[in-house]
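One structure below.
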Amino acid sequence: MRRSLPIRGLLISVTVAWLLLVLALPFAYVFSQAFAGGFAVFRDALAQPEALAAVRLSAIATTVALVANLVFGVAAGWALARTRFPGRSLVLVLLDLPIAVSPVVAGLMFVLLFGRQGWFGPWLEAVGVKVVFALPGILIATTFVTLPFIAREVLTVLEETGTAEEEAALTLGASRTQMFVHIVLPAIRWALFYGVVLTAARALGEFGAVSVVSGNIAGQTQTLPLHIEAAYIDYDVIGAFASAVPLTVMAALTILAQKVVAALSSRERGARVAEVSPTEGAPGWTSV
Amino acid sequence: MDIRLTGISKRFGAFVAVDGVDVGVRSGELLALLGPSGSGKTTLLRVIAGLEEPDAGTVEIGGAEANGVGVPDRGIGFVFQHYALFKHMTVHDNVGFALRMQKRPKAEVSARVVKLLTLFSLQGLAHRYPDQLSGGQRQRVALARALAAQPRILLLDEPFGALDAQVRQELRRWLRRLHDEIGVTTVFVTHDQEEALEVADRIVVMNKGRIEQTGTPEEVFARPANEFVMHFLGNVNVFHGRVEAGKAYVGEMVLGAPPHGAIEPAAARIYFRPHELAIERTSAGTSSFRARVTHVNPFGGRVKVELVTPGGETVIAELPRERYEELQLRRDMDVFVSPTDSTIFVEDYSI
C-alpha cells in the first residue's frame with residue numbers, strides 16, 4: 001500500500017514533533033537547567049556531600065545487583081532453556097514477577113518481610129543485622145527489580161540456538177566446562193552484554209522499591225534518584241537537575257550500547273557474507 | 001571397534017522410541033539404520049553416542065560396557081543431521097576443535113587440520129565461516145571435524161538428508177570410498193532406502209521402535225522378512241489371493257509358489273515389484289492378467305507404466321526402454337501382464 005506524498009509528509013512530521021516534545025525537549029531541559037548557573041554551580045551541586053553519598057550508594061547497589069543477577073541470570077537462563085522439570089512454567093511466571101509488580105509493592109514486601117514486625121524481623125534483630133532502612137535492604141530491593149533482565153536475555157538466546165552445537169562439542173571430547181567456555185559463552189555473549197546494560201540502567205534509576213525500603217535518609221540511604229527528588233522538593237532545582245545529569249547520561253549510553261551491540265552482531269554476519277559473495281558468486285555456493 | 005546393543009529401550013514420556021532392541025555392529029563395517037520417521041533409529045544412534053541414556057539395556061563398545069560412560073569419553077565421532085558446525089569458528093577451528101580440547105600443541109593441531117582439509121577437498125576454505133559454505137562443503141567439514149581425533153566409531157545422523165539430489169548422489173559414493181579407505185566402524189541413520197541399499201554393508205530395518213530385519217542389502221531387498229520391509233524397500237504391487245499346494249491363485253491367474261506347499265488353502269498377499277512384471281500384447285493364459293495402460297513415463301533408462309486391471313486395481317510396471325519401444329505402448333491400450341517373480345506372505349489367521 002502506497003500513501004500519497006502529503007499524507008506521508010504529515011505522518012513523518014507528526015512523529016518527529018511528538019518525539020521532540022516528549023523525548024528531546026525534556027532531555028535538553030535537564031541539561032539546560034543543570035548548567036543554568038554555569039559549570040561551576042553544576043560542579044558544586046554535585047560535590048555536595050549528600051549528592052556524593054548518593055552517587056556512591058547508587059554505584060554500590062548497581063554493582064551488587066549486576067554481579068548477583070549475572071550469576072543468577074546465567075544459571076537460571078541455562079536451567080530453564082536446557083532442562084524440563086515439573087513447575088518450570090511456574091518458575092517462568094515467577095521470573096517475570098519483578099517486572100509485573102509495582103516497585104512500591106516490591107519495596108513494601110521487603111519491609112514486611114525484614115522489618116521489625118516482619119517474619120524475619122525478630123530474628124534479624126536478635127543477630128543484630130539491620131536490613132530495612134539500611135544498605136542490605138537497598139541491595140535486596142535493587143537486585144529484585146532487576147532480576148529478570150539477564151536471565152530472560154540468556155534464556156531467549158539459548159532457546160533459539162538449540163542444543164546441537166553443545167552436543168557436538170561433547171561428542172568431540174569437550175568437558176562440560178570446555179563446552180560452556182567455547183560454545184555457550186560465545187553464543188550468549190551479546191545477550192549477556194545487553195542484559196548487563198539493561199540491568200545497570202534499571203538499577204541506577206530504581207526509585208519506588210528503594211524509596212520504601214531505604215527510609216530515604218539523606219547522606220545515608222539515599223540513592224541518586226531519591227536524592228534528586230529530595231533536592232527538588234527542597235527547591236534546589238539546580239542540585240536536582242545536576243544530579244539528574246549522570247542518570248540521563250547513563251540512559252543515553254544504554255541506548256548507544258544497544259545500537260552498538262546490534263551493529264556489531266549484524267556486522268559479524270554481514271562482513272562474512274560480503275567476503276564470499278562478490279568474489280565467488282553463485283557457483284561457489286552450490287559446487288561440492 | 002565393534003558395538004553391541006542388548007535389550008535397549010528408551011521412552012520419551014508416553015512415547016516408546018526404542019523397544020527392546022538388540023543390534024551388533026561388526027568392527028570396520030558400514031551399517032545403516034533404516035526406517036521411517038519415528039521408528040527409533042536416531043534415538044538408537046544417540047544411545048550409542050551417549051547423548052541419550054537408555055531406560056533399559058546395555059551398550060558395549062569394543063567389548064567394554066559403555067553405560068554411564070560420558071559422551072566425551074566414548075571415543076566417537078558424530079555427524080549431526082544439520083551438521084551443528086560451530087557458527088562462530090572458522091573451518092580450521094571447527095576441524096581442530098577436538099584436538100584443541102585435548103590440549104595438543106598448536107603445531108600438531110594445525111598439521112592435522114591441514115591434512116584433513118586436503119583429504120576432504122576443503123583446501124582454501126580454512127578461514128571461512130560455516131555460513132559461507134555450501135551444503136556439501138558443510139557436510140564435509142562436519143565429517144572432517146568428527147574424524148579429527150581419530151574416533152573408534154563414526155556415527156552419522158541422516159548425513160545427506162539436507163542436501164539436494166545431485167550432491168547427495170556424489171557424497172554417497174564418496175562416503176563409501178572414504179569408509180573403505182579409513183575403515184572406521186560406521187553407523188548411519190537414514191530414511192532413504194536407496195541410500196542404505198547403495199552404501200551400507202548391512203542394513204537394520206526399523207519400525208515403531210523395533211527391528212524388522214537385519215541383513216545385507218541383497219538379503220533385505222530380495223528376501224524381505226515381512227510385509228513392512230517389502231513395502232519400505234521400494235515400490236510394490238499388492239494382490240489378495242490364496243495359496244494352496246504350492247500354487248498361488250490371484251484372480252484368474254495361477255502362479256507357482258513352491259515354498260507354500262501346504263494342502264490347506266490359506267489367504268495370502270502376493271507382492272510384485274514393478275520390475276517383476278512383464279508386459280505382453282497377447283495373453284499367456286493363466287500366468288498373466290489383463291490390464292489397460294493408463295499412464296506412461298518414458299523418461300529415463302527404464303520406462304514406468306501405470307495400468308489398471310478390469311477390477312479397478314492400479315498396477316505399476318517397469319520395463320527396459322527397448323521393450324517399451326517394441327511394444328509401442330500407448331494410453332488406453334489393452335495388454336497382458338505376466339509376473340516373472342513374486343513374494344508371498346500368508347495372512348495371519350491367529351487374530
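Naming works like this for the C-alpha cells: A, B, ... for the chains as they're shown, residue 1 at the start of each chain, ligands 1 onward in shown order.
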
**Arg56 in chain A environment, 12 Å, only C-alpha atoms, sequence neighbours closer than 3 positions dropped, as a PyMOL selection string** = chain A and resi 46-47+49-53+59-63+135+204+219-224+227

**Prompt:** If you run DSSP on the backbone, which residues of range 84-321 of chain B are helix (DSSP H, G or I), as a PyMOL selection string?
**Reply:** chain B and resi 91-95+97-101+106-119+130-132+135-147+165-182+193-199+217-222+227-232+274-276+285-287+321

Considering only C-alpha atoms, tabulate each residue of range 41-146 of chain B that lies at most 12 Å from range 165-188 of chain A along with its nearest interatomic pair and the corresponding distance in Å to one decimal; arrange the rows by chain and ascending residue number and present them as JSON lines.
```
{"residue": "B:Arg46", "atom": "CA", "partner": "A:Glu167", "partner_atom": "CA", "distance": 10.3}
{"residue": "B:Ile48", "atom": "CA", "partner": "A:Thr171", "partner_atom": "CA", "distance": 11.2}
{"residue": "B:Ala49", "atom": "CA", "partner": "A:Thr171", "partner_atom": "CA", "distance": 7.4}
{"residue": "B:Gly50", "atom": "CA", "partner": "A:Thr171", "partner_atom": "CA", "distance": 8.7}
{"residue": "B:Leu51", "atom": "CA", "partner": "A:Glu167", "partner_atom": "CA", "distance": 7.4}
{"residue": "B:Glu52", "atom": "CA", "partner": "A:Glu167", "partner_atom": "CA", "distance": 10.8}
{"residue": "B:Gly70", "atom": "CA", "partner": "A:Leu170", "partner_atom": "CA", "distance": 8.7}
{"residue": "B:Val71", "atom": "CA", "partner": "A:Thr171", "partner_atom": "CA", "distance": 5.7}
{"residue": "B:Pro72", "atom": "CA", "partner": "A:Gly173", "partner_atom": "CA", "distance": 3.9}
{"residue": "B:Asp73", "atom": "CA", "partner": "A:Gly173", "partner_atom": "CA", "distance": 6.5}
{"residue": "B:Arg74", "atom": "CA", "partner": "A:Thr171", "partner_atom": "CA", "distance": 8.1}
{"residue": "B:Gly75", "atom": "CA", "partner": "A:Gly173", "partner_atom": "CA", "distance": 7.8}
{"residue": "B:Ile76", "atom": "CA", "partner": "A:Thr171", "partner_atom": "CA", "distance": 6.4}
{"residue": "B:Gly77", "atom": "CA", "partner": "A:Thr171", "partner_atom": "CA", "distance": 6.3}
{"residue": "B:Phe78", "atom": "CA", "partner": "A:Thr171", "partner_atom": "CA", "distance": 6.3}
{"residue": "B:Val79", "atom": "CA", "partner": "A:Ala168", "partner_atom": "CA", "distance": 8.0}
{"residue": "B:Phe80", "atom": "CA", "partner": "A:Ala168", "partner_atom": "CA", "distance": 7.6}
{"residue": "B:Gln81", "atom": "CA", "partner": "A:Ala168", "partner_atom": "CA", "distance": 11.1}
{"residue": "B:His82", "atom": "CA", "partner": "A:Glu165", "partner_atom": "CA", "distance": 10.1}
{"residue": "B:Tyr83", "atom": "CA", "partner": "A:Ala168", "partner_atom": "CA", "distance": 8.7}
{"residue": "B:Ala84", "atom": "CA", "partner": "A:Glu165", "partner_atom": "CA", "distance": 5.1}
{"residue": "B:Leu85", "atom": "CA", "partner": "A:Glu165", "partner_atom": "CA", "distance": 6.6}
{"residue": "B:Phe86", "atom": "CA", "partner": "A:Glu165", "partner_atom": "CA", "distance": 6.2}
{"residue": "B:Lys87", "atom": "CA", "partner": "A:Glu165", "partner_atom": "CA", "distance": 8.7}
{"residue": "B:His88", "atom": "CA", "partner": "A:Pro186", "partner_atom": "CA", "distance": 7.5}
{"residue": "B:Met89", "atom": "CA", "partner": "A:Ile183", "partner_atom": "CA", "distance": 9.6}
{"residue": "B:Asp93", "atom": "CA", "partner": "A:His182", "partner_atom": "CA", "distance": 11.1}
{"residue": "B:Asn94", "atom": "CA", "partner": "A:Ala169", "partner_atom": "CA", "distance": 9.8}
{"residue": "B:Val95", "atom": "CA", "partner": "A:Leu172", "partner_atom": "CA", "distance": 9.9}
{"residue": "B:Gly96", "atom": "CA", "partner": "A:Leu172", "partner_atom": "CA", "distance": 9.8}
{"residue": "B:Phe97", "atom": "CA", "partner": "A:Leu172", "partner_atom": "CA", "distance": 7.2}
{"residue": "B:Ala98", "atom": "CA", "partner": "A:Leu172", "partner_atom": "CA", "distance": 4.8}
{"residue": "B:Leu99", "atom": "CA", "partner": "A:Leu172", "partner_atom": "CA", "distance": 8.4}
{"residue": "B:Arg100", "atom": "CA", "partner": "A:Ala174", "partner_atom": "CA", "distance": 9.1}
{"residue": "B:Met101", "atom": "CA", "partner": "A:Ala174", "partner_atom": "CA", "distance": 5.6}
{"residue": "B:Gln102", "atom": "CA", "partner": "A:Gly173", "partner_atom": "CA", "distance": 7.6}
{"residue": "B:Lys103", "atom": "CA", "partner": "A:Ala174", "partner_atom": "CA", "distance": 10.5}
{"residue": "B:Ala142", "atom": "CA", "partner": "A:Ala168", "partner_atom": "CA", "distance": 9.6}
{"residue": "B:Leu143", "atom": "CA", "partner": "A:Leu172", "partner_atom": "CA", "distance": 11.6}
{"residue": "B:Ala144", "atom": "CA", "partner": "A:Leu172", "partner_atom": "CA", "distance": 11.4}
{"residue": "B:Arg145", "atom": "CA", "partner": "A:Leu172", "partner_atom": "CA", "distance": 8.1}
{"residue": "B:Ala146", "atom": "CA", "partner": "A:Leu172", "partner_atom": "CA", "distance": 6.8}
```

**Item:** For range 142-146 of chain A: contacts at 6 Å, only C-alpha atoms, fewer than 3 positions along chain excluded, given as a list in words
**Value:**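 Counting only C-alpha atoms, the residues come to Ala65, Pro98, Leu139, Thr199 and Ala203 of chain A.
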
Preceding selection exported with N, CA and C atoms as a PDB file, in the first residue's frame:
```pdb
ATOM      1  N   ALA A  65      23.822  -5.590  42.360  1.00  0.00           N
ATOM      2  CA  ALA A  65      22.715  -6.154  41.581  1.00  0.00           C
ATOM      3  C   ALA A  65      23.248  -6.813  40.302  1.00  0.00           C
ATOM      4  N   PRO A  98       8.986  -9.582  39.046  1.00  0.00           N
ATOM      5  CA  PRO A  98       9.572  -8.272  39.355  1.00  0.00           C
ATOM      6  C   PRO A  98       9.213  -7.193  38.335  1.00  0.00           C
ATOM      7  N   LEU A 139      20.130  -3.109  48.662  1.00  0.00           N
ATOM      8  CA  LEU A 139      20.729  -4.097  47.746  1.00  0.00           C
ATOM      9  C   LEU A 139      19.696  -5.147  47.339  1.00  0.00           C
ATOM     10  N   THR A 199      20.213  -4.137  33.029  1.00  0.00           N
ATOM     11  CA  THR A 199      20.213  -4.260  34.482  1.00  0.00           C
ATOM     12  C   THR A 199      20.816  -3.009  35.128  1.00  0.00           C
ATOM     13  N   ALA A 203      18.864  -0.565  37.549  1.00  0.00           N
ATOM     14  CA  ALA A 203      19.344  -0.497  38.925  1.00  0.00           C
ATOM     15  C   ALA A 203      19.657   0.945  39.309  1.00  0.00           C
TER      16      ALA A 203
END
```

**Prompt:** Given the choices B:Asp341, B:Asp164, B:Glu306, B:Glu198, which gets closest to Gly256 in chain B if the distance is worked out from only C-alpha atoms?
**Reply:** B:Asp341

**Request:** Name the residues in contact with Gly239 in chain A at a cut-off of 8 Å, using only C-alpha atoms, excluding same-chain residues fewer than 5 positions from it; report them as a ChimeraX atom specification.
**Result:** /A:34,42,45-46,228,231-232

**Prompt:** Excluding same-chain residues fewer than 4 positions from Ile182 in chain B, what lies within 10 Å of it counting only C-alpha atoms, as a VMD selection string?
**Reply:** chain B and resid 28 147 150 177 to 178

Using only C-alpha atoms, which residues sit within 10 Å of Phe188 in chain B once same-chain residues fewer than 4 positions away are excluded, as an mmCIF file with N, CA and C atoms, in the first residue's frame?
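See selection.cif below for the written result:
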```cif
data_model
loop_
_atom_site.group_PDB
_atom_site.id
_atom_site.type_symbol
_atom_site.label_atom_id
_atom_site.label_comp_id
_atom_site.auth_asym_id
_atom_site.auth_seq_id
_atom_site.Cartn_x
_atom_site.Cartn_y
_atom_site.Cartn_z
ATOM 1 N N LEU B 30 30.141 -50.874 7.681
ATOM 2 C CA LEU B 30 29.317 -49.690 7.480
ATOM 3 C C LEU B 30 27.864 -50.148 7.580
ATOM 4 N N LEU B 31 27.222 -49.785 8.698
ATOM 5 C CA LEU B 31 25.880 -50.285 8.975
ATOM 6 C C LEU B 31 24.862 -49.162 8.837
ATOM 7 N N ALA B 32 23.748 -49.448 8.183
ATOM 8 C CA ALA B 32 22.688 -48.456 8.054
ATOM 9 C C ALA B 32 21.530 -48.796 8.972
ATOM 10 N N LEU B 33 21.036 -47.815 9.709
ATOM 11 C CA LEU B 33 19.780 -47.956 10.439
ATOM 12 C C LEU B 33 18.723 -47.300 9.568
ATOM 13 N N LEU B 34 17.846 -48.132 9.000
ATOM 14 C CA LEU B 34 16.881 -47.640 8.018
ATOM 15 C C LEU B 34 15.475 -47.758 8.576
ATOM 16 N N LYS B 41 15.296 -44.926 14.989
ATOM 17 C CA LYS B 41 16.671 -45.102 14.508
ATOM 18 C C LYS B 41 17.627 -44.027 15.031
ATOM 19 N N THR B 42 17.165 -42.771 15.047
ATOM 20 C CA THR B 42 18.025 -41.706 15.557
ATOM 21 C C THR B 42 18.246 -41.852 17.056
ATOM 22 N N LEU B 45 20.914 -44.332 17.609
ATOM 23 C CA LEU B 45 22.228 -43.766 17.307
ATOM 24 C C LEU B 45 22.704 -42.895 18.472
ATOM 25 N N PHE B 78 30.642 -37.894 15.706
ATOM 26 C CA PHE B 78 29.201 -37.834 15.437
ATOM 27 C C PHE B 78 28.956 -36.742 14.411
ATOM 28 N N VAL B 79 28.239 -37.072 13.344
ATOM 29 C CA VAL B 79 27.865 -36.044 12.367
ATOM 30 C C VAL B 79 26.359 -35.829 12.501
ATOM 31 N N LEU B 154 32.335 -44.046 14.066
ATOM 32 C CA LEU B 154 31.762 -42.861 13.428
ATOM 33 C C LEU B 154 30.249 -43.051 13.336
ATOM 34 N N LEU B 155 29.506 -42.059 13.842
ATOM 35 C CA LEU B 155 28.049 -42.128 13.834
ATOM 36 C C LEU B 155 27.506 -40.971 13.004
ATOM 37 N N LEU B 156 26.616 -41.281 12.058
ATOM 38 C CA LEU B 156 26.077 -40.221 11.199
ATOM 39 C C LEU B 156 24.554 -40.244 11.233
ATOM 40 N N ASP B 157 23.967 -39.081 11.525
ATOM 41 C CA ASP B 157 22.510 -38.968 11.600
ATOM 42 C C ASP B 157 21.996 -38.326 10.321
ATOM 43 N N GLU B 158 21.320 -39.093 9.490
ATOM 44 C CA GLU B 158 20.798 -38.589 8.203
ATOM 45 C C GLU B 158 21.854 -37.734 7.507
ATOM 46 N N PRO B 159 23.007 -38.283 7.182
ATOM 47 C CA PRO B 159 24.121 -37.422 6.741
ATOM 48 C C PRO B 159 23.831 -36.665 5.453
ATOM 49 N N ALA B 196 20.553 -46.462 1.744
ATOM 50 C CA ALA B 196 21.000 -47.582 2.551
ATOM 51 C C ALA B 196 21.449 -48.739 1.666
ATOM 52 N N VAL B 199 24.926 -47.800 -0.077
ATOM 53 C CA VAL B 199 26.136 -47.504 0.685
ATOM 54 C C VAL B 199 26.505 -48.581 1.697
ATOM 55 N N ALA B 200 25.509 -49.189 2.343
ATOM 56 C CA ALA B 200 25.792 -49.974 3.546
ATOM 57 C C ALA B 200 26.313 -51.381 3.257
ATOM 58 N N ILE B 203 22.173 -53.702 6.632
ATOM 59 C CA ILE B 203 21.076 -52.790 6.911
ATOM 60 C C ILE B 203 20.240 -53.332 8.066
#
```

**Asked** Contacts of Leu226 in chain A at 8 Å or less, counting only C-alpha atoms, minus same-chain residues fewer than 5 places along, as a list of chain:residue names?
**Response**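 With the cut-off at 8 Å, the set is A:Phe207, A:Ser211, A:Asn216.
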
**Prompt:** Which one is closest to Pro26 in chain A: A:Ala79, A:Ile138, A:Val245, A:Leu124? Count only C-alpha atoms.
**Reply:**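 So, comparing all the options, the nearest one is A:Val245.
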
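With distances restricted to only C-alpha atoms, A:Thr163 is the closest residue to chain B from A:Val93, A:Leu192, A:Thr163, A:Ala242.
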
**Prompt:** Taking only C-alpha atoms into account, which of A:Ala81, A:Ala164, A:Ala28, A:Leu108 comes nearest chain B?
**Reply:** A:Ala164

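If you look at CA of Ala225 in chain B and CA of Lys304 in chain B, they are 26.5 Å away from each other.
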
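Counting from CA of Val131 in chain A, the distance to CA of Gly215 in chain A is 10.9 Å.
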
**Request:** Pick out the closest residue to chain A from this set: B:Val220, B:Ala266, B:Leu163, B:Leu119. Count only C-alpha atoms.
**Result:** B:Leu163

**Request:** Pull the strand (DSSP E or B) assignments for range 34-194 of chain B out of DSSP run on the backbone, and list those residues as an MDAnalysis selection string.
**Result:** chainID B and resid 34 56:61 64:65 76:79 153:157 185:190
